[in-house]
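**Q** Structure file target_28.json (JSON, C-alpha atoms) right here:
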[["chain", "number", "residue", "atom", "x", "y", "z"],
["A", 1061, "MET", "CA", 52.01, 222.51, 84.15],
["A", 1062, "PRO", "CA", 55.55, 223.88, 84.50],
["A", 1063, "LEU", "CA", 57.59, 224.09, 81.33],
["A", 1064, "PRO", "CA", 60.37, 221.50, 80.84],
["A", 1065, "ARG", "CA", 63.67, 222.80, 82.21],
["A", 1066, "VAL", "CA", 66.37, 222.58, 79.51],
["A", 1067, "SER", "CA", 69.99, 223.53, 80.14],
["A", 1068, "VAL", "CA", 71.91, 224.38, 76.96],
["A", 1069, "VAL", "CA", 75.68, 223.87, 77.25],
["A", 1070, "ILE", "CA", 77.84, 225.90, 74.84],
["A", 1071, "PRO", "CA", 81.64, 225.44, 74.85],
["A", 1072, "CYS", "CA", 83.32, 228.55, 73.46],
["A", 1073, "PHE", "CA", 86.90, 229.05, 72.29],
["A", 1074, "ASN", "CA", 87.74, 232.21, 70.34],
["A", 1075, "ALA", "CA", 84.27, 232.40, 68.80],
["A", 1076, "GLN", "CA", 83.63, 236.11, 69.29],
["A", 1077, "ARG", "CA", 82.52, 236.50, 65.68],
["A", 1078, "TYR", "CA", 79.80, 233.85, 65.97],
["A", 1079, "ILE", "CA", 78.75, 233.42, 69.61],
["A", 1080, "GLY", "CA", 76.18, 236.23, 69.52],
["A", 1081, "ALA", "CA", 74.27, 234.70, 66.62],
["A", 1082, "THR", "CA", 74.41, 231.28, 68.26],
["A", 1083, "LEU", "CA", 73.01, 232.61, 71.54],
["A", 1084, "ARG", "CA", 70.22, 234.51, 69.80],
["A", 1085, "SER", "CA", 69.14, 231.32, 68.04],
["A", 1086, "VAL", "CA", 69.12, 229.44, 71.35],
["A", 1087, "LEU", "CA", 67.28, 232.12, 73.33],
["A", 1088, "ALA", "CA", 64.59, 232.24, 70.62],
["A", 1089, "GLN", "CA", 63.45, 228.69, 71.50],
["A", 1090, "GLU", "CA", 59.91, 228.54, 72.88],
["A", 1091, "GLY", "CA", 57.90, 226.10, 74.99],
["A", 1092, "VAL", "CA", 60.69, 225.42, 77.49],
["A", 1093, "SER", "CA", 62.27, 226.96, 80.56],
["A", 1094, "LEU", "CA", 65.78, 227.76, 79.33],
["A", 1095, "GLU", "CA", 69.05, 227.84, 81.18],
["A", 1096, "VAL", "CA", 72.01, 228.71, 78.94],
["A", 1097, "VAL", "CA", 75.51, 227.86, 80.14],
["A", 1098, "VAL", "CA", 78.47, 229.21, 78.14],
["A", 1099, "VAL", "CA", 81.83, 227.72, 79.10],
["A", 1100, "ASP", "CA", 84.60, 229.95, 77.83],
["A", 1101, "ASP", "CA", 87.55, 227.62, 77.26],
["A", 1102, "GLY", "CA", 90.38, 230.08, 77.72],
["A", 1103, "SER", "CA", 89.48, 232.37, 74.81],
["A", 1104, "SER", "CA", 91.83, 235.23, 73.97],
["A", 1105, "ASP", "CA", 89.60, 237.12, 71.52],
["A", 1106, "GLY", "CA", 87.02, 238.74, 73.79],
["A", 1107, "SER", "CA", 84.37, 236.02, 73.52],
["A", 1108, "ALA", "CA", 83.71, 235.93, 77.26],
["A", 1109, "GLN", "CA", 83.52, 239.71, 77.53],
["A", 1110, "GLN", "CA", 80.98, 239.84, 74.72],
["A", 1111, "VAL", "CA", 78.78, 237.20, 76.35],
["A", 1112, "ALA", "CA", 78.95, 238.97, 79.72],
["A", 1113, "GLN", "CA", 78.10, 242.33, 78.20],
["A", 1114, "ASP", "CA", 75.42, 241.42, 75.64],
["A", 1115, "PHE", "CA", 73.78, 238.38, 77.29],
["A", 1116, "PRO", "CA", 73.51, 238.95, 81.05],
["A", 1117, "GLN", "CA", 70.81, 236.26, 81.30],
["A", 1118, "VAL", "CA", 73.39, 233.61, 80.33],
["A", 1119, "LYS", "CA", 75.44, 231.73, 82.94],
["A", 1120, "LEU", "CA", 79.07, 232.32, 81.96],
["A", 1121, "LEU", "CA", 81.87, 230.09, 83.22],
["A", 1122, "ARG", "CA", 85.52, 230.89, 82.49],
["A", 1123, "VAL", "CA", 87.96, 227.99, 82.59],
["A", 1124, "PRO", "CA", 91.58, 227.53, 81.46],
["A", 1125, "ASN", "CA", 91.88, 226.05, 77.99],
["A", 1126, "GLY", "CA", 91.44, 222.30, 78.32],
["A", 1127, "GLY", "CA", 89.56, 221.21, 75.23],
["A", 1128, "VAL", "CA", 85.94, 220.86, 74.25],
["A", 1129, "ALA", "CA", 85.27, 217.68, 76.26],
["A", 1130, "ARG", "CA", 86.35, 219.28, 79.53],
["A", 1131, "ALA", "CA", 84.41, 222.44, 78.71],
["A", 1132, "ARG", "CA", 81.20, 220.52, 78.04],
["A", 1133, "ASN", "CA", 81.66, 218.45, 81.19],
["A", 1134, "ARG", "CA", 82.08, 221.63, 83.22],
["A", 1135, "GLY", "CA", 78.87, 222.99, 81.70],
["A", 1136, "ILE", "CA", 77.00, 219.79, 82.55],
["A", 1137, "GLU", "CA", 78.17, 220.06, 86.17],
["A", 1138, "ALA", "CA", 76.86, 223.64, 86.39],
["A", 1139, "ALA", "CA", 73.55, 222.91, 84.65],
["A", 1140, "THR", "CA", 70.36, 222.55, 86.69],
["A", 1141, "GLY", "CA", 67.88, 221.35, 84.05],
["A", 1142, "ASP", "CA", 66.35, 217.89, 83.76],
["A", 1143, "TRP", "CA", 67.31, 218.00, 80.08],
["A", 1144, "ILE", "CA", 70.73, 218.86, 78.65],
["A", 1145, "ALA", "CA", 71.22, 220.19, 75.13],
["A", 1146, "PHE", "CA", 74.47, 220.99, 73.36],
["A", 1147, "VAL", "CA", 75.39, 223.49, 70.68],
["A", 1148, "ASP", "CA", 78.81, 224.69, 69.57],
["A", 1149, "ALA", "CA", 79.56, 228.40, 69.66],
["A", 1150, "ASP", "CA", 79.52, 228.83, 65.87],
["A", 1151, "ASP", "CA", 76.40, 226.79, 65.01],
["A", 1152, "ILE", "CA", 72.77, 227.92, 64.68],
["A", 1153, "TRP", "CA", 69.50, 226.47, 65.94],
["A", 1154, "LEU", "CA", 66.27, 226.98, 64.04],
["A", 1155, "PRO", "CA", 62.93, 227.84, 65.68],
["A", 1156, "GLY", "CA", 61.00, 224.97, 67.25],
["A", 1157, "LYS", "CA", 63.98, 222.65, 67.70],
["A", 1158, "LEU", "CA", 63.64, 221.86, 71.41],
["A", 1159, "GLN", "CA", 59.86, 221.60, 71.31],
["A", 1160, "ALA", "CA", 60.00, 219.13, 68.41],
["A", 1161, "GLN", "CA", 62.47, 216.96, 70.33],
["A", 1162, "LEU", "CA", 60.50, 216.99, 73.55],
["A", 1163, "ASP", "CA", 57.35, 216.02, 71.64],
["A", 1164, "GLU", "CA", 59.15, 213.16, 69.90],
["A", 1165, "GLN", "CA", 60.70, 211.82, 73.08],
["A", 1166, "ALA", "CA", 57.37, 211.94, 74.90],
["A", 1167, "ALA", "CA", 56.00, 209.47, 72.35],
["A", 1168, "TRP", "CA", 58.49, 206.74, 73.39],
["A", 1169, "ALA", "CA", 58.62, 205.40, 76.94],
["A", 1170, "ASP", "CA", 62.22, 204.18, 76.49],
["A", 1171, "CYS", "CA", 63.56, 207.33, 74.81],
["A", 1172, "ARG", "CA", 65.80, 209.62, 76.85],
["A", 1173, "MET", "CA", 67.76, 211.18, 73.99],
["A", 1174, "SER", "CA", 67.06, 212.63, 70.57],
["A", 1175, "TYR", "CA", 68.78, 214.49, 67.79],
["A", 1176, "THR", "CA", 67.60, 216.26, 64.66],
["A", 1177, "ALA", "CA", 68.57, 216.46, 61.04],
["A", 1178, "TRP", "CA", 70.86, 219.34, 60.13],
["A", 1179, "LYS", "CA", 72.25, 221.21, 57.15],
["A", 1180, "VAL", "CA", 75.96, 221.71, 56.57],
["A", 1181, "TRP", "CA", 76.49, 225.43, 56.14],
["A", 1182, "PHE", "CA", 79.62, 226.80, 54.46],
["A", 1183, "SER", "CA", 79.74, 230.37, 55.66],
["A", 1184, "ASP", "CA", 81.81, 232.90, 57.58],
["A", 1185, "SER", "CA", 78.79, 235.16, 58.09],
["A", 1186, "PRO", "CA", 77.59, 235.26, 61.71],
["A", 1187, "GLU", "CA", 73.89, 235.14, 60.77],
["A", 1188, "PRO", "CA", 72.31, 232.69, 58.28],
["A", 1189, "GLU", "CA", 71.87, 234.09, 54.79],
["A", 1190, "ALA", "CA", 68.30, 234.52, 53.51],
["A", 1191, "ASP", "CA", 68.77, 232.03, 50.67],
["A", 1192, "VAL", "CA", 69.93, 229.33, 53.11],
["A", 1193, "LEU", "CA", 66.83, 229.76, 55.26],
["A", 1194, "GLN", "CA", 64.57, 229.82, 52.21],
["A", 1195, "GLU", "CA", 66.04, 226.57, 50.92],
["A", 1196, "LEU", "CA", 65.58, 224.93, 54.31],
["A", 1197, "ALA", "CA", 61.98, 226.07, 54.51],
["A", 1198, "ARG", "CA", 61.33, 224.67, 51.04],
["A", 1199, "THR", "CA", 62.80, 221.22, 51.78],
["A", 1200, "ALA", "CA", 62.11, 220.83, 55.51],
["A", 1201, "GLY", "CA", 59.14, 218.53, 54.99],
["A", 1202, "GLU", "CA", 60.94, 216.09, 52.66],
["A", 1203, "LEU", "CA", 61.20, 213.12, 55.04],
["A", 1204, "LYS", "CA", 63.36, 210.95, 52.76],
["A", 1205, "ARG", "CA", 65.90, 213.74, 52.43],
["A", 1206, "TRP", "CA", 66.38, 214.16, 56.18],
["A", 1207, "GLU", "CA", 65.76, 210.71, 57.64],
["A", 1208, "GLY", "CA", 68.49, 208.73, 59.40],
["A", 1209, "ALA", "CA", 69.19, 206.24, 62.14],
["A", 1210, "SER", "CA", 66.52, 206.21, 64.84],
["A", 1211, "GLY", "CA", 65.72, 203.95, 67.78],
["A", 1212, "TRP", "CA", 68.22, 201.61, 69.42],
["A", 1213, "ILE", "CA", 70.96, 202.72, 67.05],
["A", 1214, "TYR", "CA", 74.09, 201.10, 68.48],
["A", 1215, "PRO", "CA", 74.59, 198.91, 65.35],
["A", 1216, "GLU", "CA", 74.30, 201.90, 63.02],
["A", 1217, "LEU", "CA", 76.75, 203.89, 65.14],
["A", 1218, "LEU", "CA", 79.37, 201.18, 64.64],
["A", 1219, "LEU", "CA", 79.60, 202.25, 60.99],
["A", 1220, "ASP", "CA", 79.46, 206.00, 61.42],
["A", 1221, "CYS", "CA", 78.74, 208.78, 63.91],
["A", 1222, "GLU", "CA", 75.13, 209.34, 62.90],
["A", 1223, "VAL", "CA", 74.54, 211.92, 65.65],
["A", 1224, "TRP", "CA", 75.72, 215.54, 65.54],
["A", 1225, "THR", "CA", 76.39, 217.12, 68.91],
["A", 1226, "SER", "CA", 74.75, 220.50, 68.23],
["A", 1227, "THR", "CA", 71.39, 218.78, 67.75],
["A", 1228, "VAL", "CA", 71.37, 216.53, 70.85],
["A", 1229, "LEU", "CA", 68.84, 216.75, 73.66],
["A", 1230, "VAL", "CA", 69.38, 214.21, 76.45],
["A", 1231, "ARG", "CA", 68.00, 213.63, 79.92],
["A", 1232, "ARG", "CA", 70.44, 214.47, 82.69],
["A", 1233, "ASP", "CA", 70.02, 211.01, 84.22],
["A", 1234, "VAL", "CA", 71.53, 209.42, 81.10],
["A", 1235, "LEU", "CA", 74.74, 211.40, 81.60],
["A", 1236, "GLN", "CA", 74.73, 210.55, 85.29],
["A", 1237, "GLU", "CA", 74.45, 206.89, 84.34],
["A", 1238, "ILE", "CA", 77.13, 206.67, 81.63],
["A", 1239, "GLY", "CA", 79.42, 209.60, 82.47],
["A", 1240, "GLY", "CA", 80.33, 212.63, 80.39],
["A", 1241, "PHE", "CA", 82.67, 213.32, 77.49],
["A", 1242, "ASN", "CA", 86.08, 211.63, 77.52],
["A", 1243, "PRO", "CA", 88.67, 214.43, 77.85],
["A", 1244, "ASP", "CA", 91.44, 212.14, 76.58],
["A", 1245, "LEU", "CA", 89.90, 212.22, 73.09],
["A", 1246, "ARG", "CA", 90.85, 215.34, 71.12],
["A", 1247, "ILE", "CA", 88.43, 214.32, 68.35],
["A", 1248, "GLY", "CA", 85.64, 211.78, 68.64],
["A", 1249, "GLU", "CA", 84.70, 212.55, 72.25],
["A", 1250, "ASP", "CA", 81.12, 213.03, 71.09],
["A", 1251, "TYR", "CA", 81.08, 209.79, 69.06],
["A", 1252, "ASP", "CA", 82.29, 207.90, 72.11],
["A", 1253, "LEU", "CA", 79.50, 209.37, 74.25],
["A", 1254, "TRP", "CA", 76.74, 208.56, 71.76],
["A", 1255, "LEU", "CA", 77.92, 204.95, 71.55],
["A", 1256, "ARG", "CA", 77.71, 204.69, 75.33],
["A", 1257, "ALA", "CA", 74.29, 206.37, 75.36],
["A", 1258, "SER", "CA", 73.00, 203.98, 72.70],
["A", 1259, "ARG", "CA", 73.47, 201.12, 75.16],
["A", 1260, "VAL", "CA", 71.02, 202.58, 77.70],
["A", 1261, "THR", "CA", 68.40, 204.51, 75.72],
["A", 1262, "ARG", "CA", 66.51, 204.68, 72.48],
["A", 1263, "ILE", "CA", 67.84, 207.64, 70.44],
["A", 1264, "GLN", "CA", 65.18, 209.18, 68.21],
["A", 1265, "ARG", "CA", 65.97, 211.27, 65.15],
["A", 1266, "ILE", "CA", 63.68, 214.11, 64.09],
["A", 1267, "ALA", "CA", 63.73, 213.97, 60.29],
["A", 1268, "ARG", "CA", 63.58, 217.71, 59.86],
["A", 1269, "PRO", "CA", 66.54, 220.12, 59.82],
["A", 1270, "TYR", "CA", 66.60, 222.18, 62.98],
["A", 1271, "ALA", "CA", 70.24, 223.30, 62.98],
["A", 1272, "LEU", "CA", 72.97, 224.72, 60.75],
["A", 1273, "TYR", "CA", 76.38, 223.08, 61.03],
["A", 1274, "ARG", "CA", 78.85, 225.81, 60.17],
["A", 1275, "GLN", "CA", 81.97, 224.93, 58.21],
["A", 1276, "HIS", "CA", 84.77, 227.49, 58.12],
["A", 1277, "PRO", "CA", 88.60, 227.43, 58.25],
["A", 1278, "GLY", "CA", 88.69, 227.40, 62.05],
["A", 1279, "ASN", "CA", 86.76, 224.14, 62.51],
["A", 1280, "ILE", "CA", 88.78, 221.66, 64.58],
["A", 1281, "THR", "CA", 87.90, 218.69, 62.37],
["A", 1282, "ARG", "CA", 89.62, 220.36, 59.42],
["A", 1283, "GLY", "CA", 93.01, 220.10, 61.12],
["A", 1284, "ALA", "CA", 95.44, 217.17, 60.68],
["A", 1285, "GLN", "CA", 94.67, 214.26, 63.01],
["A", 1286, "THR", "CA", 97.37, 212.91, 65.28],
["A", 1287, "ALA", "CA", 95.58, 209.60, 65.91],
["A", 1288, "ASN", "CA", 92.94, 207.40, 64.31],
["A", 1289, "TYR", "CA", 90.24, 208.61, 66.67],
["A", 1290, "LYS", "CA", 87.31, 207.04, 64.82],
["A", 1291, "GLY", "CA", 89.00, 203.66, 64.69],
["A", 1292, "GLN", "CA", 89.90, 203.83, 68.36],
["A", 1293, "VAL", "CA", 86.40, 204.83, 69.46],
["A", 1294, "VAL", "CA", 84.66, 202.09, 67.49],
["A", 1295, "GLN", "CA", 87.19, 199.43, 68.47],
["A", 1296, "SER", "CA", 86.71, 200.35, 72.13],
["A", 1297, "ALA", "CA", 82.95, 199.86, 71.73],
["A", 1298, "LEU", "CA", 83.45, 196.51, 70.01],
["A", 1299, "ASP", "CA", 85.80, 195.31, 72.74],
["A", 1300, "ARG", "CA", 83.20, 196.22, 75.34],
["A", 1301, "TRP", "CA", 79.89, 195.29, 73.71],
["A", 1302, "GLY", "CA", 80.49, 193.50, 70.42],
["A", 1303, "PHE", "CA", 78.37, 193.97, 67.30],
["A", 1304, "ALA", "CA", 74.85, 193.66, 68.79],
["A", 1305, "GLY", "CA", 72.71, 196.38, 70.34],
["A", 1306, "PRO", "CA", 70.52, 196.07, 73.45],
["A", 1307, "ASP", "CA", 67.52, 195.23, 71.26],
["A", 1308, "GLY", "CA", 69.30, 192.21, 69.74],
["A", 1309, "ARG", "CA", 69.97, 193.72, 66.32],
["A", 1310, "ALA", "CA", 73.59, 193.38, 65.18],
["A", 1311, "MET", "CA", 75.66, 195.12, 62.54],
["A", 1312, "ASP", "CA", 77.36, 192.90, 59.96],
["A", 1313, "ALA", "CA", 80.86, 192.24, 61.31],
["A", 1314, "ARG", "CA", 82.46, 192.35, 57.85],
["A", 1315, "ALA", "CA", 81.00, 195.79, 57.19],
["A", 1316, "VAL", "CA", 82.42, 197.09, 60.46],
["A", 1317, "GLN", "CA", 85.85, 195.59, 59.74],
["A", 1318, "ARG", "CA", 85.83, 197.18, 56.27],
["A", 1319, "MET", "CA", 85.06, 200.52, 57.85],
["A", 1320, "LEU", "CA", 87.83, 200.10, 60.41],
["A", 1321, "ALA", "CA", 90.30, 199.10, 57.71],
["A", 1322, "LYS", "CA", 89.46, 202.28, 55.83],
["A", 1323, "THR", "CA", 90.00, 204.45, 58.90],
["A", 1324, "TRP", "CA", 93.47, 202.97, 59.36],
["A", 1325, "SER", "CA", 94.44, 203.26, 55.69],
["A", 1326, "ASP", "CA", 93.19, 206.86, 55.59],
["A", 1327, "PHE", "CA", 95.27, 207.62, 58.66],
["A", 1328, "ALA", "CA", 98.28, 205.87, 57.12],
["A", 1329, "ALA", "CA", 97.95, 207.99, 53.99],
["A", 1330, "ALA", "CA", 98.06, 211.14, 56.11],
["A", 1331, "GLN", "CA", 101.12, 209.83, 57.93],
["A", 1332, "LEU", "CA", 102.89, 209.13, 54.63],
["A", 1333, "MET", "CA", 102.12, 212.65, 53.46],
["A", 1334, "ALA", "CA", 103.77, 213.91, 56.65],
["A", 1335, "GLY", "CA", 106.85, 211.75, 56.03],
["A", 1336, "GLN", "CA", 106.10, 209.35, 58.90],
["A", 1337, "ARG", "CA", 106.86, 206.16, 57.01],
["A", 1338, "ALA", "CA", 107.43, 203.81, 59.97],
["A", 1339, "ALA", "CA", 104.28, 205.02, 61.73],
["A", 1340, "ALA", "CA", 102.35, 204.67, 58.48],
["A", 1341, "ARG", "CA", 103.39, 201.04, 58.14],
["A", 1342, "THR", "CA", 102.06, 200.35, 61.63],
["A", 1343, "SER", "CA", 98.71, 201.87, 60.62],
["A", 1344, "ILE", "CA", 98.72, 199.87, 57.38],
["A", 1345, "TYR", "CA", 99.21, 196.70, 59.39],
["A", 1346, "GLU", "CA", 96.16, 197.64, 61.48],
["A", 1347, "ALA", "CA", 94.15, 198.09, 58.27],
["A", 1348, "LEU", "CA", 95.20, 194.75, 56.78],
["A", 1349, "ARG", "CA", 94.66, 192.98, 60.11],
["A", 1350, "ARG", "CA", 91.00, 193.94, 59.88],
["A", 1351, "GLN", "CA", 90.59, 193.28, 56.16],
["A", 1352, "PHE", "CA", 93.41, 191.35, 54.52],
["A", 1353, "ASN", "CA", 92.21, 192.11, 50.99],
["A", 1354, "HIS", "CA", 91.93, 195.87, 51.65],
["A", 1355, "LEU", "CA", 93.45, 197.14, 48.38],
["A", 1356, "PRO", "CA", 94.21, 200.71, 49.55],
["A", 1357, "GLY", "CA", 96.22, 199.24, 52.41],
["A", 1358, "TRP", "CA", 98.39, 197.17, 50.08],
["A", 1359, "LYS", "CA", 98.98, 200.16, 47.80],
["A", 1360, "LEU", "CA", 100.02, 202.26, 50.75],
["A", 1361, "LEU", "CA", 102.32, 199.52, 51.98],
["A", 1362, "ILE", "CA", 104.13, 199.48, 48.62],
["A", 1363, "ARG", "CA", 104.42, 203.27, 48.72],
["A", 1364, "SER", "CA", 105.86, 203.14, 52.21],
["A", 1365, "LEU", "CA", 108.56, 200.68, 51.10],
["A", 1366, "LEU", "CA", 109.64, 202.51, 47.94],
["A", 1367, "PRO", "CA", 112.78, 204.61, 48.24],
["A", 1368, "LEU", "CA", 112.23, 208.33, 48.73],
["A", 1369, "THR", "CA", 112.70, 210.44, 45.59],
["A", 1370, "ARG", "CA", 114.37, 213.80, 45.88],
["A", 1371, "ARG", "CA", 112.68, 216.75, 44.29],
["A", 1372, "PRO", "CA", 114.94, 218.97, 42.13]]
Represent the structure contained in this file as structure tokens.
**A**
Amino acid sequence: MPLPRVSVVIPCFNAQRYIGATLRSVLAQEGVSLEVVVVDDGSSDGSAQQVAQDFPQVKLLRVPNGGVARARNRGIEAATGDWIAFVDADDIWLPGKLQAQLDEQAAWADCRMSYTAWKVWFSDSPEPEADVLQELARTAGELKRWEGASGWIYPELLLDCEVWTSTVLVRRDVLQEIGGFNPDLRIGEDYDLWLRASRVTRIQRIARPYALYRQHPGNITRGAQTANYKGQVVQSALDRWGFAGPDGRAMDARAVQRMLAKTWSDFAAAQLMAGQRAAARTSIYEALRRQFNHLPGWKLLIRSLLPLTRRP
């Protein structure tokens, strides 16, 4: 039988230091017919030149800088596989990842998407350190340590983004059905897509770490947020579908409102730190509207009303 055709979409922006290691980890996957699509999102550091020179088997697309959502969508358009996988240009896959996901999805007739457990990896080294790999090998079989939301997970997603993009494998027809990443979201474009996917397919989690999620100073999520993206994404899902998933299970509404209140108070705190007092009060109102007894919101409101003190 022919091997499953998997297209791996990799958005790349100024990742010259890491992209080689990422590609080597992807090309080492076995048991599938691989197509690798790198979308260079207007890099200025030589990332595209390195991919073209060192990895001629990779399909390289060069586009003007437009953000990760547009880059991924462009890669999806160019992909030819029945399955689409994603990995960011500074993350690492471990051997057997794609095969484990295909095996898991084959066991469920209503499963068209899966993701795996992962390990957060604080490192600026392109390749994984030996001690990191040894620790993963030692703990990989500990199911309780790596388990998470699995199945029709819309209710669980209302509380948190349980899925990490660099571990996702999804059938192309799911993306054709629900659309791609929302380019209007600077952060949370992946969360928004997984919520939409959870309405049309079971999403299975492989409780074994098959990827390293690199954390370093250049990560986009470490920057200051200009909007409450998480709150907006979840509220949009609630407005559209409510608290219940397609299988009838529902998340406790009070728990979701507590979570939303926290997102708004956290955002308000950041706005106060930036001196945006009027904007912070608007965010505090959003927090208290969702949970009137949200204590952090009331504390922030008092702070926002106190007169500014001048530093000597």
**Q** Give one line per residue of segment 1275-1367 of chain A that approaches segment 1238-1251 of chain A to at most 10 Å, naming the two atoms of the closest pair and their distance in Å to one decimal, counting all atoms listed in the file; sort by chain then ascending residue number and deliver it as JSON lines.
**A**
{"residue": "A:Ile1280", "atom": "CA", "partner": "A:Ile1247", "partner_atom": "CA", "distance": 8.3}
{"residue": "A:Thr1281", "atom": "CA", "partner": "A:Ile1247", "partner_atom": "CA", "distance": 7.4}
{"residue": "A:Gln1285", "atom": "CA", "partner": "A:Ile1247", "partner_atom": "CA", "distance": 8.2}
{"residue": "A:Thr1286", "atom": "CA", "partner": "A:Arg1246", "partner_atom": "CA", "distance": 9.1}
{"residue": "A:Ala1287", "atom": "CA", "partner": "A:Ile1247", "partner_atom": "CA", "distance": 8.9}
{"residue": "A:Asn1288", "atom": "CA", "partner": "A:Ile1247", "partner_atom": "CA", "distance": 9.2}
{"residue": "A:Tyr1289", "atom": "CA", "partner": "A:Gly1248", "partner_atom": "CA", "distance": 5.9}
{"residue": "A:Lys1290", "atom": "CA", "partner": "A:Gly1248", "partner_atom": "CA", "distance": 6.3}
{"residue": "A:Gly1291", "atom": "CA", "partner": "A:Gly1248", "partner_atom": "CA", "distance": 9.6}
{"residue": "A:Gln1292", "atom": "CA", "partner": "A:Gly1248", "partner_atom": "CA", "distance": 9.0}
{"residue": "A:Val1293", "atom": "CA", "partner": "A:Gly1248", "partner_atom": "CA", "distance": 7.0}
{"residue": "A:Val1294", "atom": "CA", "partner": "A:Tyr1251", "partner_atom": "CA", "distance": 8.6}
**Q** How far is it from atom CA of Gln1317 of chain A to atom CA of Arg1262 of chain A, in Å with one decimal?
**A** 24.9 Å
**Q** Could the residues of segment 1251-1354 of chain A that have an atom at most 12 Å from segment 1079-1087 of chain A be listed as CSV, each with its closest atom pair and the distance in Å to one decimal, counting only C-alpha atoms and ordered by chain and ascending residue number?
**A**
residue,atom,partner,partner_atom,distance
A:Tyr1270,CA,A:Ser1085,CA,10.8
A:Ala1271,CA,A:Ser1085,CA,9.5
A:Leu1272,CA,A:Thr1082,CA,10.1
A:Tyr1273,CA,A:Thr1082,CA,11.1
A:Arg1274,CA,A:Thr1082,CA,10.7
**Q** Taking 3 positions as the minimum chain separation for residues in the same chain, which residues sit within 9 Å of segment 1201-1205 of chain A when counting only C-alpha atoms? Answer as a PyMOL selection string.
**A** chain A and resi 1197-1198+1208+1267-1269
**Q** Here is a test: counting only C-alpha atoms, which residue of A:Ala1131, A:Phe1073, A:Thr1140, A:Ile1344 is nearest to Glu1095 of chain A?
**A** A:Thr1140
**Q** Show me, as a PDB file with C-alpha atoms, in the coordinates of the input, the residues that have an atom within 12 Å of Glu1222 of chain A when counting all atoms listed in the file, minus same-chain residues fewer than 6 positions from it.
**A**
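And here's part_20.pdb as it stands now:
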ATOM      1  CA  SER A1174      67.060 212.630  70.570  1.00  0.00           C
ATOM      2  CA  TYR A1175      68.780 214.490  67.790  1.00  0.00           C
ATOM      3  CA  THR A1176      67.600 216.260  64.660  1.00  0.00           C
ATOM      4  CA  ALA A1177      68.570 216.460  61.040  1.00  0.00           C
ATOM      5  CA  TRP A1178      70.860 219.340  60.130  1.00  0.00           C
ATOM      6  CA  GLU A1207      65.760 210.710  57.640  1.00  0.00           C
ATOM      7  CA  GLY A1208      68.490 208.730  59.400  1.00  0.00           C
ATOM      8  CA  ALA A1209      69.190 206.240  62.140  1.00  0.00           C
ATOM      9  CA  SER A1210      66.520 206.210  64.840  1.00  0.00           C
ATOM     10  CA  GLY A1211      65.720 203.950  67.780  1.00  0.00           C
ATOM     11  CA  ILE A1213      70.960 202.720  67.050  1.00  0.00           C
ATOM     12  CA  TYR A1214      74.090 201.100  68.480  1.00  0.00           C
ATOM     13  CA  PRO A1215      74.590 198.910  65.350  1.00  0.00           C
ATOM     14  CA  GLU A1216      74.300 201.900  63.020  1.00  0.00           C
ATOM     15  CA  VAL A1228      71.370 216.530  70.850  1.00  0.00           C
ATOM     16  CA  ASP A1250      81.120 213.030  71.090  1.00  0.00           C
ATOM     17  CA  TYR A1251      81.080 209.790  69.060  1.00  0.00           C
ATOM     18  CA  ASP A1252      82.290 207.900  72.110  1.00  0.00           C
ATOM     19  CA  TRP A1254      76.740 208.560  71.760  1.00  0.00           C
ATOM     20  CA  LEU A1255      77.920 204.950  71.550  1.00  0.00           C
ATOM     21  CA  SER A1258      73.000 203.980  72.700  1.00  0.00           C
ATOM     22  CA  ILE A1263      67.840 207.640  70.440  1.00  0.00           C
ATOM     23  CA  GLN A1264      65.180 209.180  68.210  1.00  0.00           C
ATOM     24  CA  ARG A1265      65.970 211.270  65.150  1.00  0.00           C
TER      25      ARG A1265
END
**Q** Just give me the gap between atom CA of Cys1072 of chain A and atom CA of Asp1100 of chain A in Å, one decimal is fine.
**A**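 About the pair atom CA of Cys1072 of chain A and atom CA of Asp1100 of chain A: they are 4.8 Å apart.
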**Q** Just write segment 1320-1337 of chain A with C-alpha atoms, as a short mmCIF file (atom, residue, chain, number, x, y, z; two decimals), in the first residue's frame, taken from the block above.
**A**
data_model
loop_
_atom_site.label_atom_id
_atom_site.label_comp_id
_atom_site.auth_asym_id
_atom_site.auth_seq_id
_atom_site.Cartn_x
_atom_site.Cartn_y
_atom_site.Cartn_z
CA LEU A 1320 -12.53 35.07 31.02
CA ALA A 1321 -12.53 37.45 33.97
CA LYS A 1322 -8.92 36.53 34.64
CA THR A 1323 -7.89 37.16 31.04
CA TRP A 1324 -9.38 40.66 31.22
CA SER A 1325 -7.86 41.50 34.61
CA ASP A 1326 -4.46 40.22 33.45
CA PHE A 1327 -4.74 42.41 30.38
CA ALA A 1328 -5.82 45.37 32.50
CA ALA A 1329 -2.77 44.92 34.73
CA ALA A 1330 -0.51 45.08 31.68
CA GLN A 1331 -2.31 48.22 30.50
CA LEU A 1332 -1.83 49.88 33.90
CA MET A 1333 1.87 49.04 33.79
CA ALA A 1334 2.00 50.80 30.42
CA GLY A 1335 0.23 53.86 31.83
CA GLN A 1336 -3.00 53.23 29.90
CA ARG A 1337 -5.36 53.94 32.78
#
